[in-house]
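Participant: A single structure is presented below for examination.
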Amino acid sequence: MKQWMRRPILLALLAMLSAGCHTVRFELSDPTGAQVVRKQNHFWFFGLAPGNREVDVRQYCPAGAAAIREQTGFVDGLISLLTIGIFETRTAWYYCLPSRAHG
């Protein structure tokens with residue numbers, strides 16, 4: 001490959017990798033000291049399938065969640081890039097409240 005062609009291709013790949021990263025975080029209470037549960041979610045066709053997915057947080061945090069974070073990071077973006085968007089992953093973290101004592 002000619003030298004003058006390498007730079008635009010590398011810049012395009014870098015732009016595609018950096019454009020796909022995002023983080024969403026919901027804080028409901030102070031997550032300090034919360035137990036963290038990590039869940040890898042899988043999607044198809046640029047995240048279009050399986051469409052809207054309802055998540056019951058009690059499945060991961062029986063006493064409730066202090067915070068929830070979802071991120072498409074570098075590795076997630078790389079997977080999407082390598083599969084041309086056919087398959088992609090997103091990572092979710094659930095910051096679980098401690099169990100309440102019954103009394």
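Here, A, B, ... name the chains of the structure tokens in the order displayed, residue numbers run from 1 inside each chain, and ligands are numbered from 1 in the same displayed order.
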Name the residues in contact with region 22-30 of chain A at a cut-off of 6 Å, using only C-alpha atoms, excluding same-chain residues fewer than 4 positions from it; report them as an MDAnalysis selection string.

Facilitator: chainID A and resid 66:72

Participant: So which bits of chain A end up strand (DSSP E) when you DSSP the backbone, as a ChimeraX atom specification?

Facilitator: /A:22-27,35-44,65-72,87-96

Participant: Write out as number ranges by chain all residues of chain A that DSSP puts in helix (DSSP H, G or I) for this structure's backbone.

Facilitator: A: 3-19, 57-59, 74-82

Participant: Quick one: residues within 8 Å of region 50-60 of chain A, only C-alpha atoms, excluding same-chain residues fewer than 3 positions away - as an MDAnalysis selection string?

Facilitator: chainID A and resid 37 43:44 47 63:65 94 96

Participant: Can you pull out the residues contacting His42 (chain A)? Cut-off 7 Å, using only C-alpha atoms, and skip same-chain residues under 5 positions away; I want them as a ChimeraX atom specification.

Facilitator: /A:88-90

Participant: Just the selected residues (N, CA and C atoms), exported as an mmCIF file, in the first residue's frame, please.

Facilitator:
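Now in result22.cif:
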data_model
loop_
_atom_site.group_PDB
_atom_site.id
_atom_site.type_symbol
_atom_site.label_atom_id
_atom_site.label_comp_id
_atom_site.auth_asym_id
_atom_site.auth_seq_id
_atom_site.Cartn_x
_atom_site.Cartn_y
_atom_site.Cartn_z
ATOM 1 N N GLU A 88 -22.587 -6.937 18.314
ATOM 2 C CA GLU A 88 -21.922 -5.990 19.209
ATOM 3 C C GLU A 88 -22.282 -6.294 20.653
ATOM 4 N N THR A 89 -21.437 -5.816 21.528
ATOM 5 C CA THR A 89 -21.639 -6.023 22.958
ATOM 6 C C THR A 89 -21.681 -4.680 23.666
ATOM 7 N N ARG A 90 -22.348 -4.665 24.803
ATOM 8 C CA ARG A 90 -22.349 -3.531 25.724
ATOM 9 C C ARG A 90 -22.237 -4.118 27.121
#
